[in-house]
Amino acid sequence: MAANPVPVITIDGPSGSGKGTVTQMLARRLGWHLLDSGALYRLTALAAVRQGVSFDDHAGLVQVAASLDVRFEPTPAGEPVRVVLSGEDVTREIRTEAAGDNASKVAVVPAVREALLQRQRDFRQAPGLVADGRDMGTVIFPDAPTKIFLTASAEERAERRYRQLKEAGHDVKIDALLDEIRARDDRDMNRSAAPLKPADDAQVIDSTGLSIEEVLEKVMAASGQA
Ligand SMILES: Nc1ncnc2c1ncn2[C@@H]1O[C@H](COP(=O)(O)OP(=O)(O)O)[C@@H](O)[C@H]1O
Ligand SMILES: Nc1ccn([C@H]2C[C@H](O)[C@@H](COP(=O)(O)OP(=O)(O)O)O2)c(=O)n1
């Protein structure tokens, strides 16, 4: 097969490592497209709940994933991309910790991942793509010229999530968030299909103690875009 000439930067890593933030800033700076693959798993879980499909019903989940009616709409700089599911704005609803946990549960099902595979690859359009998730560099875009694995200590990731949720007006407890982060890390890393791990050719960046700007600079340098 001929090599795909459209460049991709993959940014994989655990929850709260800063993938989404860095991906958005980088995509804007480069003028490239963006793929938030986690949103597809969050939407699959949300649509399943709404349609009364149990997470044990794998055939049902595949049906939901394959027929997702979703649009990602651009927003002004600094605001999250607007996510529209079957005509309804679900941007906020899919960002809760519960939605993330449900996403991680449907994401263990290999056939669900298979049903979302081509939809993700279709985001690879000129002039380039920045893609964030768990398996962007290992499974979805194994030929990506630049692969980043972003990480940070579980404590710092829980702290970041705490600040983010507090600012959004949610009543959260740091200990519960740390437990949730650890449980999700464990599920994402230990599943058989496309587990969370750095690709062999990924550059690992530990963002513990680094500001968002410092991380962005490291990612730009690693991708030859600095
Ligand atoms: N290096 C960093 N230092 C401090 N806060 C950060 C850093 N990177 C991200 N954040 C903040 O942490 C929260 C989670 O970041 P996010 O990009 O959503 O992570 P992920 O997509 O990996 O789950 C956000 O509120 C974000 O602003
Ligand atoms: N490429 C991906 C992206 C997300 N997932 C699953 C596993 C994750 O825990 C959930 C939610 O991912 P998401 O990136 O939206 O969550 P965080 O922002 O990292 O908290 O979806 C996946 O299995 N593969």
# chains A, B, ... in the order shown; residues from 1 in each chain; ligands from 1
call {"tool": "residues_around", "arguments": {"residues": "A:Ala199", "least_positions_apart": "6", "cutoff": "10 Å", "atoms": "only C-alpha atoms", "output": "VMD selection string"}}
result
chain A and resid 12 135 to 139 142 147 to 149
call {"tool": "write_last_selection", "arguments": {"atoms": "N, CA and C atoms", "output": "PDB file, in the first residue's frame"}}
result
ATOM      1  N   ASP A  12      -0.939  10.206  22.834  1.00  0.00           N
ATOM      2  CA  ASP A  12      -1.614   9.220  23.691  1.00  0.00           C
ATOM      3  C   ASP A  12      -1.185   9.417  25.134  1.00  0.00           C
ATOM      4  N   ASP A 135      -4.700   4.762  21.799  1.00  0.00           N
ATOM      5  CA  ASP A 135      -4.090   3.843  20.825  1.00  0.00           C
ATOM      6  C   ASP A 135      -3.856   4.519  19.482  1.00  0.00           C
ATOM      7  N   MET A 136      -3.687   5.844  19.498  1.00  0.00           N
ATOM      8  CA  MET A 136      -3.493   6.564  18.227  1.00  0.00           C
ATOM      9  C   MET A 136      -2.192   6.130  17.556  1.00  0.00           C
ATOM     10  N   GLY A 137      -1.129   6.021  18.356  1.00  0.00           N
ATOM     11  CA  GLY A 137       0.168   5.655  17.794  1.00  0.00           C
ATOM     12  C   GLY A 137       0.362   4.163  17.621  1.00  0.00           C
ATOM     13  N   THR A 138      -0.357   3.362  18.408  1.00  0.00           N
ATOM     14  CA  THR A 138      -0.142   1.906  18.346  1.00  0.00           C
ATOM     15  C   THR A 138      -1.029   1.225  17.301  1.00  0.00           C
ATOM     16  N   VAL A 139      -2.289   1.673  17.181  1.00  0.00           N
ATOM     17  CA  VAL A 139      -3.259   0.943  16.352  1.00  0.00           C
ATOM     18  C   VAL A 139      -3.860   1.778  15.216  1.00  0.00           C
ATOM     19  N   PRO A 142      -0.478   3.760  12.981  1.00  0.00           N
ATOM     20  CA  PRO A 142       0.841   3.197  13.308  1.00  0.00           C
ATOM     21  C   PRO A 142       1.956   3.798  12.461  1.00  0.00           C
ATOM     22  N   LYS A 147       5.004  10.482  17.222  1.00  0.00           N
ATOM     23  CA  LYS A 147       4.164   9.878  18.260  1.00  0.00           C
ATOM     24  C   LYS A 147       4.628  10.368  19.626  1.00  0.00           C
ATOM     25  N   ILE A 148       3.685  10.919  20.371  1.00  0.00           N
ATOM     26  CA  ILE A 148       3.994  11.410  21.714  1.00  0.00           C
ATOM     27  C   ILE A 148       3.203  10.568  22.704  1.00  0.00           C
ATOM     28  N   PHE A 149       3.831  10.202  23.811  1.00  0.00           N
ATOM     29  CA  PHE A 149       3.112   9.585  24.933  1.00  0.00           C
ATOM     30  C   PHE A 149       3.273  10.531  26.106  1.00  0.00           C
TER      31      PHE A 149
END
call {"tool": "residues_near_ligand", "arguments": {"ligand": "ligand 1", "cutoff": "8 Å", "atoms": "only C-alpha atoms and all ligand atoms", "output": "MDAnalysis selection string"}}
result
chainID A and resid 13:23 132:133 150 157 160:161 163:165 207:215
call {"tool": "select_by_dssp", "arguments": {"residues": "stretch 123-218 of chain A", "states": "alpha helix (DSSP H)", "output": "NGL selection string"}}
result
:A and (154-167 or 174-190 or 212-218)
call {"tool": "residues_around", "arguments": {"residues": "A:Ile94", "least_positions_apart": "4", "cutoff": "7 Å", "atoms": "only C-alpha atoms", "output": "list in words"}}
result
Arg42, Leu43, Val90 and Ala99 of chain A
call {"tool": "write_last_selection", "arguments": {"atoms": "C-alpha atoms", "output": "mmCIF file, in the first residue's frame"}}
result
data_model
loop_
_atom_site.group_PDB
_atom_site.id
_atom_site.type_symbol
_atom_site.label_atom_id
_atom_site.label_comp_id
_atom_site.auth_asym_id
_atom_site.auth_seq_id
_atom_site.Cartn_x
_atom_site.Cartn_y
_atom_site.Cartn_z
ATOM 1 C CA ARG A 42 -17.786 8.737 25.467
ATOM 2 C CA LEU A 43 -20.509 9.224 22.833
ATOM 3 C CA VAL A 90 -23.799 17.099 24.475
ATOM 4 C CA ALA A 99 -19.023 9.623 31.172
#
call {"tool": "residues_around", "arguments": {"residues": "stretch 114-131 of chain A", "least_positions_apart": "4", "cutoff": "10 Å", "atoms": "only C-alpha atoms", "output": "NGL selection string"}}
result
:A and (4-12 or 19-20 or 22-28 or 30-38 or 40-41 or 44 or 61-68 or 109-110 or 135-137 or 139-141 or 144 or 146-147 or 193)
call {"tool": "residues_around", "arguments": {"residues": "A:Lys173", "least_positions_apart": "3", "cutoff": "8 Å", "atoms": "only C-alpha atoms", "output": "ChimeraX atom specification"}}
result
/A:162,176-177
call {"tool": "closest_residue", "arguments": {"among": "A:Ala39, A:Ala111, A:Val84, A:Ala77", "to": "ligand 2", "atoms": "only C-alpha atoms and all ligand atoms"}}
result
A:Ala39
call {"tool": "atom_distance", "arguments": {"atom1": "atom CA of A:Ala2", "atom2": "atom CA of A:Gln225"}}
result
24.8 Å
call {"tool": "select_by_dssp", "arguments": {"residues": "stretch 28-182 of chain A", "states": "strand (DSSP E or B)", "output": "PyMOL selection string"}}
result
chain A and resi 33-36+70-73+82-85+88-89+129-133+146-151
call {"tool": "closest_residue", "arguments": {"among": "A:Thr91, A:Thr75, A:Asn102, A:Ser86", "to": "ligand 2", "atoms": "only C-alpha atoms and all ligand atoms"}}
result
A:Asn102
call {"tool": "closest_residue", "arguments": {"among": "A:Pro145, A:Pro195, A:Pro74, A:Pro80", "to": "ligand 2", "atoms": "only C-alpha atoms and all ligand atoms"}}
result
A:Pro195
call {"tool": "residues_around", "arguments": {"residues": "A:Val108", "least_positions_apart": "6", "cutoff": "10 Å", "atoms": "only C-alpha atoms", "output": "PyMOL selection string"}}
result
chain A and resi 187-188+190-195
call {"tool": "closest_residue", "arguments": {"among": "A:Ala158, A:Ala103, A:Ala183, A:Ala168", "to": "A:Phe55", "atoms": "only C-alpha atoms"}}
result
A:Ala103
call {"tool": "atom_distance", "arguments": {"atom1": "atom CA of A:Leu85", "atom2": "atom CA of A:Ala47"}}
result
8.3 Å
